[in-house]
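So this block is structure_9.pdb, PDB, C-alpha atoms:
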ATOM      1  CA  MET A  18      29.286   2.752   7.774  1.00  0.00           C
ATOM      2  CA  LYS A  19      26.225   1.771   9.836  1.00  0.00           C
ATOM      3  CA  LEU A  20      25.419  -1.911  10.240  1.00  0.00           C
ATOM      4  CA  VAL A  21      21.690  -2.518  10.732  1.00  0.00           C
ATOM      5  CA  ILE A  22      20.446  -5.984  11.665  1.00  0.00           C
ATOM      6  CA  MET A  23      16.876  -6.875  10.699  1.00  0.00           C
ATOM      7  CA  THR A  24      15.103  -9.546  12.738  1.00  0.00           C
ATOM      8  CA  GLN A  25      13.742 -12.752  11.280  1.00  0.00           C
ATOM      9  CA  PRO A  26      10.112 -12.181  10.172  1.00  0.00           C
ATOM     10  CA  THR A  27       8.924 -14.879  12.588  1.00  0.00           C
ATOM     11  CA  PHE A  28       9.523 -15.317  16.315  1.00  0.00           C
ATOM     12  CA  PHE A  29      11.518 -18.285  17.600  1.00  0.00           C
ATOM     13  CA  VAL A  30      12.578 -19.755  20.933  1.00  0.00           C
ATOM     14  CA  GLU A  31      16.205 -18.614  21.145  1.00  0.00           C
ATOM     15  CA  GLU A  32      15.586 -15.159  19.687  1.00  0.00           C
ATOM     16  CA  ASP A  33      15.890 -13.070  22.849  1.00  0.00           C
ATOM     17  CA  LYS A  34      19.133 -14.830  23.813  1.00  0.00           C
ATOM     18  CA  ILE A  35      20.635 -14.306  20.359  1.00  0.00           C
ATOM     19  CA  LEU A  36      19.618 -10.643  20.164  1.00  0.00           C
ATOM     20  CA  THR A  37      21.012  -9.993  23.631  1.00  0.00           C
ATOM     21  CA  ALA A  38      24.270 -11.700  22.644  1.00  0.00           C
ATOM     22  CA  LEU A  39      24.440  -9.600  19.467  1.00  0.00           C
ATOM     23  CA  PHE A  40      23.992  -6.409  21.486  1.00  0.00           C
ATOM     24  CA  GLU A  41      26.756  -7.559  23.822  1.00  0.00           C
ATOM     25  CA  GLU A  42      28.980  -8.143  20.787  1.00  0.00           C
ATOM     26  CA  GLY A  43      28.471  -4.561  19.609  1.00  0.00           C
ATOM     27  CA  MET A  44      25.223  -4.448  17.630  1.00  0.00           C
ATOM     28  CA  ASP A  45      24.077  -0.805  17.630  1.00  0.00           C
ATOM     29  CA  TYR A  46      21.069  -0.902  15.300  1.00  0.00           C
ATOM     30  CA  LEU A  47      18.317  -3.521  15.399  1.00  0.00           C
ATOM     31  CA  HIS A  48      15.129  -3.279  13.360  1.00  0.00           C
ATOM     32  CA  LEU A  49      12.300  -5.300  14.875  1.00  0.00           C
ATOM     33  CA  CYS A  50      10.239  -6.349  11.848  1.00  0.00           C
ATOM     34  CA  LYS A  51       7.588  -9.057  12.297  1.00  0.00           C
ATOM     35  CA  PRO A  52       4.999  -8.483   9.538  1.00  0.00           C
ATOM     36  CA  GLY A  53       1.473  -9.461  10.531  1.00  0.00           C
ATOM     37  CA  ALA A  54       2.441 -10.601  14.029  1.00  0.00           C
ATOM     38  CA  SER A  55       0.448  -9.806  17.146  1.00  0.00           C
ATOM     39  CA  PRO A  56       1.931  -6.956  19.202  1.00  0.00           C
ATOM     40  CA  MET A  57       1.741  -9.255  22.227  1.00  0.00           C
ATOM     41  CA  PHE A  58       4.615 -11.313  20.840  1.00  0.00           C
ATOM     42  CA  SER A  59       6.745  -8.213  20.224  1.00  0.00           C
ATOM     43  CA  GLU A  60       6.066  -7.082  23.778  1.00  0.00           C
ATOM     44  CA  ARG A  61       7.129 -10.459  25.103  1.00  0.00           C
ATOM     45  CA  LEU A  62      10.350 -10.397  23.081  1.00  0.00           C
ATOM     46  CA  LEU A  63      11.189  -6.891  24.267  1.00  0.00           C
ATOM     47  CA  SER A  64      10.509  -7.852  27.880  1.00  0.00           C
ATOM     48  CA  LEU A  65      13.176 -10.568  27.591  1.00  0.00           C
ATOM     49  CA  ILE A  66      15.839  -8.167  26.299  1.00  0.00           C
ATOM     50  CA  PRO A  67      17.732  -5.995  28.846  1.00  0.00           C
ATOM     51  CA  GLU A  68      16.246  -2.488  29.035  1.00  0.00           C
ATOM     52  CA  ILE A  69      19.650  -0.884  28.479  1.00  0.00           C
ATOM     53  CA  MET A  70      19.427  -2.105  24.870  1.00  0.00           C
ATOM     54  CA  TYR A  71      16.008  -0.593  24.039  1.00  0.00           C
ATOM     55  CA  GLY A  72      17.550   2.621  22.735  1.00  0.00           C
ATOM     56  CA  LYS A  73      19.100   0.653  19.866  1.00  0.00           C
ATOM     57  CA  ILE A  74      15.839  -0.893  18.625  1.00  0.00           C
ATOM     58  CA  THR A  75      13.536   0.477  15.904  1.00  0.00           C
ATOM     59  CA  VAL A  76      10.059  -0.998  15.305  1.00  0.00           C
ATOM     60  CA  HIS A  77       8.318  -1.532  11.957  1.00  0.00           C
ATOM     61  CA  ASP A  78       4.836  -2.145  13.388  1.00  0.00           C
ATOM     62  CA  HIS A  79       2.840  -1.357  16.515  1.00  0.00           C
ATOM     63  CA  TYR A  80       4.380   2.063  16.850  1.00  0.00           C
ATOM     64  CA  TYR A  81       3.093   2.514  20.410  1.00  0.00           C
ATOM     65  CA  LEU A  82       5.949   0.219  21.459  1.00  0.00           C
ATOM     66  CA  LYS A  83       8.382   3.045  20.738  1.00  0.00           C
ATOM     67  CA  ASN A  84       7.157   5.146  23.660  1.00  0.00           C
ATOM     68  CA  GLU A  85       6.152   2.266  25.896  1.00  0.00           C
ATOM     69  CA  TYR A  86       9.638   0.769  25.855  1.00  0.00           C
ATOM     70  CA  GLY A  87      11.726   3.866  25.093  1.00  0.00           C
ATOM     71  CA  LEU A  88      12.877   2.519  21.726  1.00  0.00           C
ATOM     72  CA  ALA A  89      15.042   4.389  19.212  1.00  0.00           C
ATOM     73  CA  GLY A  90      12.297   5.105  16.679  1.00  0.00           C
ATOM     74  CA  ILE A  91       9.859   3.732  14.132  1.00  0.00           C
ATOM     75  CA  HIS A  92      10.280   2.577  10.553  1.00  0.00           C
ATOM     76  CA  ILE A  93       7.711   3.093   7.807  1.00  0.00           C
ATOM     77  CA  ASP A  94       7.613   0.404   5.108  1.00  0.00           C
ATOM     78  CA  GLY A  95       4.662   1.643   3.042  1.00  0.00           C
ATOM     79  CA  GLU A  96       5.501   4.083   0.251  1.00  0.00           C
ATOM     80  CA  ASN A  97       2.443   6.261   0.867  1.00  0.00           C
ATOM     81  CA  GLN A  98       2.270   5.724   4.609  1.00  0.00           C
ATOM     82  CA  GLU A  99       3.012   8.597   6.975  1.00  0.00           C
ATOM     83  CA  PRO A 100       3.989   8.593  10.671  1.00  0.00           C
ATOM     84  CA  PRO A 101       1.072   8.749  13.113  1.00  0.00           C
ATOM     85  CA  LYS A 102      -0.198  12.330  13.466  1.00  0.00           C
ATOM     86  CA  ASP A 103       0.705  12.533  17.127  1.00  0.00           C
ATOM     87  CA  TYR A 104       4.116  10.897  16.661  1.00  0.00           C
ATOM     88  CA  LYS A 105       7.169  12.787  17.842  1.00  0.00           C
ATOM     89  CA  GLY A 106      10.563  11.231  17.407  1.00  0.00           C
ATOM     90  CA  LYS A 107      12.910   9.662  14.911  1.00  0.00           C
ATOM     91  CA  PHE A 108      11.635   7.658  11.970  1.00  0.00           C
ATOM     92  CA  SER A 109      13.085   5.981   8.909  1.00  0.00           C
ATOM     93  CA  ARG A 110      11.542   4.723   5.675  1.00  0.00           C
ATOM     94  CA  THR A 111      11.887   2.095   2.968  1.00  0.00           C
ATOM     95  CA  CYS A 112      12.262   3.334  -0.602  1.00  0.00           C
ATOM     96  CA  HIS A 113      11.627   1.029  -3.551  1.00  0.00           C
ATOM     97  CA  ASN A 114      12.504   3.343  -6.440  1.00  0.00           C
ATOM     98  CA  ILE A 115      15.674   5.386  -6.851  1.00  0.00           C
ATOM     99  CA  ALA A 116      13.605   8.225  -8.311  1.00  0.00           C
ATOM    100  CA  ASP A 117      11.865   8.650  -4.941  1.00  0.00           C
ATOM    101  CA  LEU A 118      15.040   8.827  -2.879  1.00  0.00           C
ATOM    102  CA  ASN A 119      15.423  12.594  -2.843  1.00  0.00           C
ATOM    103  CA  ALA A 120      11.895  13.219  -1.585  1.00  0.00           C
ATOM    104  CA  MET A 121      12.073  10.429   0.990  1.00  0.00           C
ATOM    105  CA  LYS A 122      15.413  11.598   2.395  1.00  0.00           C
ATOM    106  CA  LYS A 123      13.841  14.952   3.244  1.00  0.00           C
ATOM    107  CA  LYS A 124      11.168  13.275   5.355  1.00  0.00           C
ATOM    108  CA  ALA A 125      13.210  10.720   7.300  1.00  0.00           C
ATOM    109  CA  GLU A 126      16.360  10.387   9.341  1.00  0.00           C
ATOM    110  CA  TYR A 127      17.560   7.652   6.986  1.00  0.00           C
ATOM    111  CA  VAL A 128      16.153   5.577   4.121  1.00  0.00           C
ATOM    112  CA  PHE A 129      16.511   1.901   3.191  1.00  0.00           C
ATOM    113  CA  LEU A 130      16.860   1.425  -0.580  1.00  0.00           C
ATOM    114  CA  ASP A 131      15.173  -1.922  -1.166  1.00  0.00           C
ATOM    115  CA  ASN A 132      16.471  -4.526  -3.632  1.00  0.00           C
ATOM    116  CA  THR A 133      19.917  -2.938  -3.796  1.00  0.00           C
ATOM    117  CA  PHE A 134      21.594  -6.259  -4.539  1.00  0.00           C
ATOM    118  CA  ARG A 135      18.673  -8.696  -4.511  1.00  0.00           C
ATOM    119  CA  ARG A 136      17.052  -9.378  -7.860  1.00  0.00           C
ATOM    120  CA  PRO A 137      13.288  -9.587  -7.269  1.00  0.00           C
ATOM    121  CA  THR A 138      10.943 -11.510  -9.531  1.00  0.00           C
ATOM    122  CA  GLY A 139       7.285 -11.278 -10.447  1.00  0.00           C
ATOM    123  CA  LYS A 140       5.524  -7.982  -9.833  1.00  0.00           C
ATOM    124  CA  ASP A 141       8.604  -6.587  -8.040  1.00  0.00           C
ATOM    125  CA  ALA A 142      10.938  -7.240 -10.981  1.00  0.00           C
ATOM    126  CA  GLU A 143      10.478  -3.671 -12.211  1.00  0.00           C
ATOM    127  CA  ASN A 144      12.251  -2.450  -9.076  1.00  0.00           C
ATOM    128  CA  VAL A 145      15.594  -4.055  -9.932  1.00  0.00           C
ATOM    129  CA  HIS A 146      18.474  -1.608  -9.490  1.00  0.00           C
ATOM    130  CA  THR A 147      21.360  -2.193 -11.913  1.00  0.00           C
ATOM    131  CA  ARG A 148      24.937  -1.289 -11.063  1.00  0.00           C
ATOM    132  CA  ASP A 149      24.795   1.520 -13.639  1.00  0.00           C
ATOM    133  CA  GLU A 150      21.655   2.967 -12.035  1.00  0.00           C
ATOM    134  CA  LEU A 151      23.226   2.813  -8.600  1.00  0.00           C
ATOM    135  CA  GLU A 152      26.422   4.496  -9.804  1.00  0.00           C
ATOM    136  CA  LYS A 153      24.378   7.210 -11.504  1.00  0.00           C
ATOM    137  CA  ALA A 154      22.347   7.765  -8.337  1.00  0.00           C
ATOM    138  CA  ALA A 155      25.565   8.021  -6.346  1.00  0.00           C
ATOM    139  CA  SER A 156      27.047  10.557  -8.779  1.00  0.00           C
ATOM    140  CA  GLN A 157      23.875  12.641  -8.480  1.00  0.00           C
ATOM    141  CA  GLY A 158      24.090  12.641  -4.701  1.00  0.00           C
ATOM    142  CA  LEU A 159      20.950  10.540  -4.276  1.00  0.00           C
ATOM    143  CA  ILE A 160      22.913   7.839  -2.479  1.00  0.00           C
ATOM    144  CA  ASP A 161      24.668   9.272   0.556  1.00  0.00           C
ATOM    145  CA  LYS A 162      25.162   8.711   4.290  1.00  0.00           C
ATOM    146  CA  HIS A 163      21.393   8.876   4.852  1.00  0.00           C
ATOM    147  CA  VAL A 164      20.687   5.974   2.470  1.00  0.00           C
ATOM    148  CA  TYR A 165      21.275   2.355   3.496  1.00  0.00           C
ATOM    149  CA  ALA A 166      21.526  -0.595   1.117  1.00  0.00           C
ATOM    150  CA  MET A 167      18.908  -3.297   1.742  1.00  0.00           C
ATOM    151  CA  GLY A 168      18.041  -6.505  -0.086  1.00  0.00           C
ATOM    152  CA  GLY A 169      20.624  -9.137  -0.896  1.00  0.00           C
ATOM    153  CA  VAL A 170      23.298  -7.475   1.239  1.00  0.00           C
ATOM    154  CA  ASN A 171      25.926  -9.937   2.453  1.00  0.00           C
ATOM    155  CA  ILE A 172      29.509 -10.006   3.624  1.00  0.00           C
ATOM    156  CA  ASP A 173      30.717 -10.183   0.023  1.00  0.00           C
ATOM    157  CA  ASN A 174      29.067  -6.968  -1.220  1.00  0.00           C
ATOM    158  CA  ILE A 175      29.392  -4.664   1.798  1.00  0.00           C
ATOM    159  CA  LYS A 176      32.536  -3.238   0.199  1.00  0.00           C
ATOM    160  CA  GLU A 177      30.567  -2.534  -2.993  1.00  0.00           C
ATOM    161  CA  ALA A 178      27.903  -0.730  -0.955  1.00  0.00           C
ATOM    162  CA  ARG A 179      30.590   1.438   0.616  1.00  0.00           C
ATOM    163  CA  GLU A 180      32.105   2.224  -2.795  1.00  0.00           C
ATOM    164  CA  LEU A 181      28.668   3.352  -4.003  1.00  0.00           C
ATOM    165  CA  GLY A 182      28.453   5.781  -1.097  1.00  0.00           C
ATOM    166  CA  PHE A 183      25.796   4.120   1.049  1.00  0.00           C
ATOM    167  CA  GLY A 184      25.810   5.268   4.647  1.00  0.00           C
ATOM    168  CA  GLY A 185      24.850   1.848   5.931  1.00  0.00           C
ATOM    169  CA  VAL A 186      23.791  -1.686   5.094  1.00  0.00           C
ATOM    170  CA  VAL A 187      20.804  -3.724   6.272  1.00  0.00           C
ATOM    171  CA  ILE A 188      21.543  -7.377   7.006  1.00  0.00           C
ATOM    172  CA  CYS A 189      18.919 -10.071   7.396  1.00  0.00           C
ATOM    173  CA  GLY A 190      19.288 -13.401   5.598  1.00  0.00           C
ATOM    174  CA  ASP A 191      23.089 -13.364   5.477  1.00  0.00           C
ATOM    175  CA  LEU A 192      23.154 -13.457   9.280  1.00  0.00           C
ATOM    176  CA  TRP A 193      20.107 -15.578  10.125  1.00  0.00           C
ATOM    177  CA  ASP A 194      21.046 -18.231   7.571  1.00  0.00           C
ATOM    178  CA  LYS A 195      23.814 -19.175  10.022  1.00  0.00           C
ATOM    179  CA  PHE A 196      21.273 -20.517  12.504  1.00  0.00           C
ATOM    180  CA  ASP A 197      18.477 -23.051  12.025  1.00  0.00           C
ATOM    181  CA  ILE A 198      15.650 -21.664  14.169  1.00  0.00           C
ATOM    182  CA  HIS A 199      13.882 -25.040  14.141  1.00  0.00           C
ATOM    183  CA  ASN A 200      16.689 -27.427  14.996  1.00  0.00           C
ATOM    184  CA  GLU A 201      19.601 -25.593  16.625  1.00  0.00           C
ATOM    185  CA  LEU A 202      20.392 -24.215  20.048  1.00  0.00           C
ATOM    186  CA  ASP A 203      24.042 -23.329  19.486  1.00  0.00           C
ATOM    187  CA  TYR A 204      24.343 -19.929  17.828  1.00  0.00           C
ATOM    188  CA  LYS A 205      28.136 -19.461  17.969  1.00  0.00           C
ATOM    189  CA  GLU A 206      28.394 -19.553  14.164  1.00  0.00           C
ATOM    190  CA  LEU A 207      25.859 -16.719  13.918  1.00  0.00           C
ATOM    191  CA  ILE A 208      27.746 -14.611  16.465  1.00  0.00           C
ATOM    192  CA  ASN A 209      31.042 -15.259  14.675  1.00  0.00           C
ATOM    193  CA  HIS A 210      29.486 -14.194  11.381  1.00  0.00           C
ATOM    194  CA  PHE A 211      28.180 -11.013  12.983  1.00  0.00           C
ATOM    195  CA  GLU A 212      31.744 -10.190  14.030  1.00  0.00           C
ATOM    196  CA  LYS A 213      32.868 -10.567  10.402  1.00  0.00           C
ATOM    197  CA  LEU A 214      30.005  -8.341   9.232  1.00  0.00           C
ATOM    198  CA  ARG A 215      30.866  -5.712  11.809  1.00  0.00           C
ATOM    199  CA  LYS A 216      34.514  -5.646  10.717  1.00  0.00           C
ATOM    200  CA  ALA A 217      33.517  -5.447   7.050  1.00  0.00           C
ATOM    201  CA  ALA A 218      31.231  -2.492   7.733  1.00  0.00           C
ATOM    202  CA  SER A 219      33.596  -0.606  10.040  1.00  0.00           C
TER     203      SER A 219
END
What is this structure when it is put down as structure tokens?
Amino acid sequence: MKLVIMTQPTFFVEEDKILTALFEEGMDYLHLCKPGASPMFSERLLSLIPEIMYGKITVHDHYYLKNEYGLAGIHIDGENQEPPKDYKGKFSRTCHNIADLNAMKKKAEYVFLDNTFRRPTGKDAENVHTRDELEKAASQGLIDKHVYAMGGVNIDNIKEARELGFGGVVICGDLWDKFDIHNELDYKELINHFEKLRKAAS
């Protein structure tokens, strides 16, 4: 089962050191997602990470970074968004509705199913996936090795994601909650938690 780590949405001082340490501890899939941020900051972050690790990084914005830094690929968050016309290479997508999974899987290397375990509110509440819906999708072959669980995934429900047939899990808050980006410099607890996540997903 693939373990994908999603970056914090904002940049912070220790980020390059932590990401480098995570790569050294065995992180194979990093999604660089900084909504609304200037590409200059993404370039700076990438420049501080050893080049040997670029092939494990996928970008969600500023797709030119993929070729400029030799990254793994690009990720498309918008439901109706398509890859740039001149783009050649691997890309993945985010899917918000189970009904769209089949079509999206045909167009991407892999797909993140949003709100798999998280229960959204407000205008996103209609996109809640119940356990019954997920089991039905799995029995119909909609959930398979090309679909990764995203949203509310933590160390306690990785096993459930595997049982449902997901090919991977996307971790964000469950990892970054182990480090206070404003007040801490010691990130040992975060690294230790990553090790637990990696074992749970393996």
Enclose region 52-58 of chain A, meaning all of its atoms listed in the file, in a box aligned along x, y and z, pad it by 4 Å on each side, and list the centre and edge lengths in Å to one decimal, as lines of an AutoDock Vina configuration file.
center_x = 2.7
center_y = -9.1
center_z = 15.9
size_x = 12.6
size_y = 12.4
size_z = 20.7
Polymer residues at most 12 Å from (24.7, -3.4, -11.9) by all atoms listed in the file, as a VMD selection string: chain A and resid 132 to 136 145 to 154 177 to 178 181
Give me, as a VMD selection string, all polymer residues having an atom no more than 12 Å from Gly53 (chain A), counting all atoms listed in the file and skipping those fewer than 6 positions away in the same chain. chain A and resid 26 to 28 59 77 to 79
Please produce an output containing C-alpha atoms for each residue in the selection, written as a PDB file, keeping the file's coordinate frame.
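Below is the file selection_36.pdb, written as the result:
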ATOM      1  CA  PRO A  26      10.112 -12.181  10.172  1.00  0.00           C
ATOM      2  CA  THR A  27       8.924 -14.879  12.588  1.00  0.00           C
ATOM      3  CA  PHE A  28       9.523 -15.317  16.315  1.00  0.00           C
ATOM      4  CA  SER A  59       6.745  -8.213  20.224  1.00  0.00           C
ATOM      5  CA  HIS A  77       8.318  -1.532  11.957  1.00  0.00           C
ATOM      6  CA  ASP A  78       4.836  -2.145  13.388  1.00  0.00           C
ATOM      7  CA  HIS A  79       2.840  -1.357  16.515  1.00  0.00           C
TER       8      HIS A  79
END
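Note that the spacing between CA of Ile188 (chain A) and CA of Lys83 (chain A) amounts to 21.7 Å.
Residues of protein, DNA and RNA with at least one atom no farther than 8 Å from (16.6, 1.6, 11.8) are, using only C-alpha atoms, Val21, Tyr46, Leu47, His48, Ile74, Thr75, Val76, Gly90, Ile91, His92, Phe108, Ser109 and Tyr127 of chain A.
From CA of Tyr71 (chain A) back to CA of Tyr204 (chain A), the distance works out to 22.0 Å.
When the PyMOL selection byres ((chain A and resi 208) around 9) is run on the displayed coordinates, the residues it returns are Ile35, Ala38, Leu39, Glu42, Leu192, Lys195, Tyr204, Lys205, Glu206, Leu207, Asn209, His210, Phe211, Glu212 and Lys213 of chain A.
Taking CA of Trp193 (chain A) as the reference point, CA of Thr24 (chain A) is found at 8.3 Å.
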Selection: 10 Å around region 29-32 of chain A, only C-alpha atoms, excl. self and same-chain fewer than 6 positions, as a tab-separated table (two decimals) with C-alpha atoms, keeping the file's coordinate frame:
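As a result, part-v3.tsv now contains:
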chain	number	residue	atom	x	y	z
A	38	ALA	CA	24.27	-11.70	22.64
A	62	LEU	CA	10.35	-10.40	23.08
A	65	LEU	CA	13.18	-10.57	27.59
A	66	ILE	CA	15.84	-8.17	26.30
A	198	ILE	CA	15.65	-21.66	14.17
A	199	HIS	CA	13.88	-25.04	14.14
A	201	GLU	CA	19.60	-25.59	16.62
A	202	LEU	CA	20.39	-24.22	20.05
A	203	ASP	CA	24.04	-23.33	19.49
A	204	TYR	CA	24.34	-19.93	17.83
Any chance you could model all heavy atoms for region 64-74 of chain A and send them as a short mmCIF file (atom, residue, chain, number, x, y, z; two decimals), in the frame of the given file?
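Wrote out18.cif, looks like this:
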data_model
loop_
_atom_site.label_atom_id
_atom_site.label_comp_id
_atom_site.auth_asym_id
_atom_site.auth_seq_id
_atom_site.Cartn_x
_atom_site.Cartn_y
_atom_site.Cartn_z
N SER A 64 10.41 -7.68 26.43
CA SER A 64 10.51 -7.85 27.88
C SER A 64 11.65 -8.79 28.27
O SER A 64 12.12 -8.76 29.41
CB SER A 64 9.18 -8.39 28.44
OG SER A 64 8.98 -9.75 28.08
N LEU A 65 12.10 -9.61 27.32
CA LEU A 65 13.18 -10.57 27.59
C LEU A 65 14.56 -10.02 27.25
O LEU A 65 15.58 -10.66 27.50
CB LEU A 65 12.94 -11.86 26.80
CG LEU A 65 11.70 -12.66 27.21
CD1 LEU A 65 11.44 -13.79 26.22
CD2 LEU A 65 11.84 -13.21 28.62
N ILE A 66 14.59 -8.82 26.65
CA ILE A 66 15.84 -8.17 26.30
C ILE A 66 16.15 -7.10 27.35
O ILE A 66 15.25 -6.37 27.77
CB ILE A 66 15.73 -7.51 24.90
CG1 ILE A 66 15.53 -8.59 23.83
CG2 ILE A 66 16.97 -6.68 24.58
CD1 ILE A 66 15.23 -8.04 22.45
N PRO A 67 17.39 -6.99 27.83
CA PRO A 67 17.73 -6.00 28.85
C PRO A 67 17.34 -4.58 28.41
O PRO A 67 17.57 -4.18 27.27
CB PRO A 67 19.25 -6.13 28.98
CG PRO A 67 19.53 -7.56 28.60
CD PRO A 67 18.54 -7.87 27.51
N GLU A 68 16.75 -3.83 29.34
CA GLU A 68 16.25 -2.49 29.04
C GLU A 68 17.33 -1.56 28.49
O GLU A 68 17.04 -0.66 27.70
CB GLU A 68 15.64 -1.86 30.29
CG GLU A 68 14.31 -2.46 30.69
CD GLU A 68 13.71 -1.76 31.90
OE1 GLU A 68 13.93 -0.54 32.05
OE2 GLU A 68 13.03 -2.43 32.70
N ILE A 69 18.56 -1.76 28.91
CA ILE A 69 19.65 -0.88 28.48
C ILE A 69 19.83 -0.92 26.96
O ILE A 69 20.43 -0.02 26.37
CB ILE A 69 20.97 -1.28 29.20
CG1 ILE A 69 22.01 -0.16 29.06
CG2 ILE A 69 21.50 -2.60 28.68
CD1 ILE A 69 23.23 -0.36 29.92
N MET A 70 19.28 -1.94 26.31
CA MET A 70 19.43 -2.10 24.87
C MET A 70 18.26 -1.52 24.07
O MET A 70 18.31 -1.48 22.85
CB MET A 70 19.61 -3.59 24.54
CG MET A 70 20.87 -4.18 25.17
SD MET A 70 20.88 -5.98 25.26
CE MET A 70 22.50 -6.27 26.02
N TYR A 71 17.20 -1.08 24.73
CA TYR A 71 16.01 -0.59 24.04
C TYR A 71 16.30 0.60 23.12
O TYR A 71 15.66 0.77 22.09
CB TYR A 71 14.92 -0.21 25.04
CG TYR A 71 14.27 -1.37 25.76
CD1 TYR A 71 13.45 -1.16 26.86
CD2 TYR A 71 14.47 -2.69 25.34
CE1 TYR A 71 12.85 -2.23 27.53
CE2 TYR A 71 13.89 -3.75 26.01
CZ TYR A 71 13.08 -3.51 27.10
OH TYR A 71 12.49 -4.56 27.76
N GLY A 72 17.24 1.43 23.52
CA GLY A 72 17.55 2.62 22.74
C GLY A 72 18.22 2.33 21.41
O GLY A 72 18.50 3.25 20.63
N LYS A 73 18.47 1.05 21.14
CA LYS A 73 19.10 0.65 19.87
C LYS A 73 18.13 -0.09 18.96
O LYS A 73 18.52 -0.64 17.94
CB LYS A 73 20.32 -0.23 20.15
CG LYS A 73 21.41 0.48 20.95
CD LYS A 73 22.58 -0.44 21.24
CE LYS A 73 23.67 0.29 22.01
NZ LYS A 73 24.85 -0.57 22.28
N ILE A 74 16.84 -0.11 19.35
CA ILE A 74 15.84 -0.89 18.62
C ILE A 74 14.82 0.02 17.95
O ILE A 74 14.28 0.94 18.57
CB ILE A 74 15.10 -1.86 19.58
CG1 ILE A 74 16.09 -2.81 20.25
CG2 ILE A 74 14.03 -2.64 18.82
CD1 ILE A 74 15.48 -3.70 21.32
#
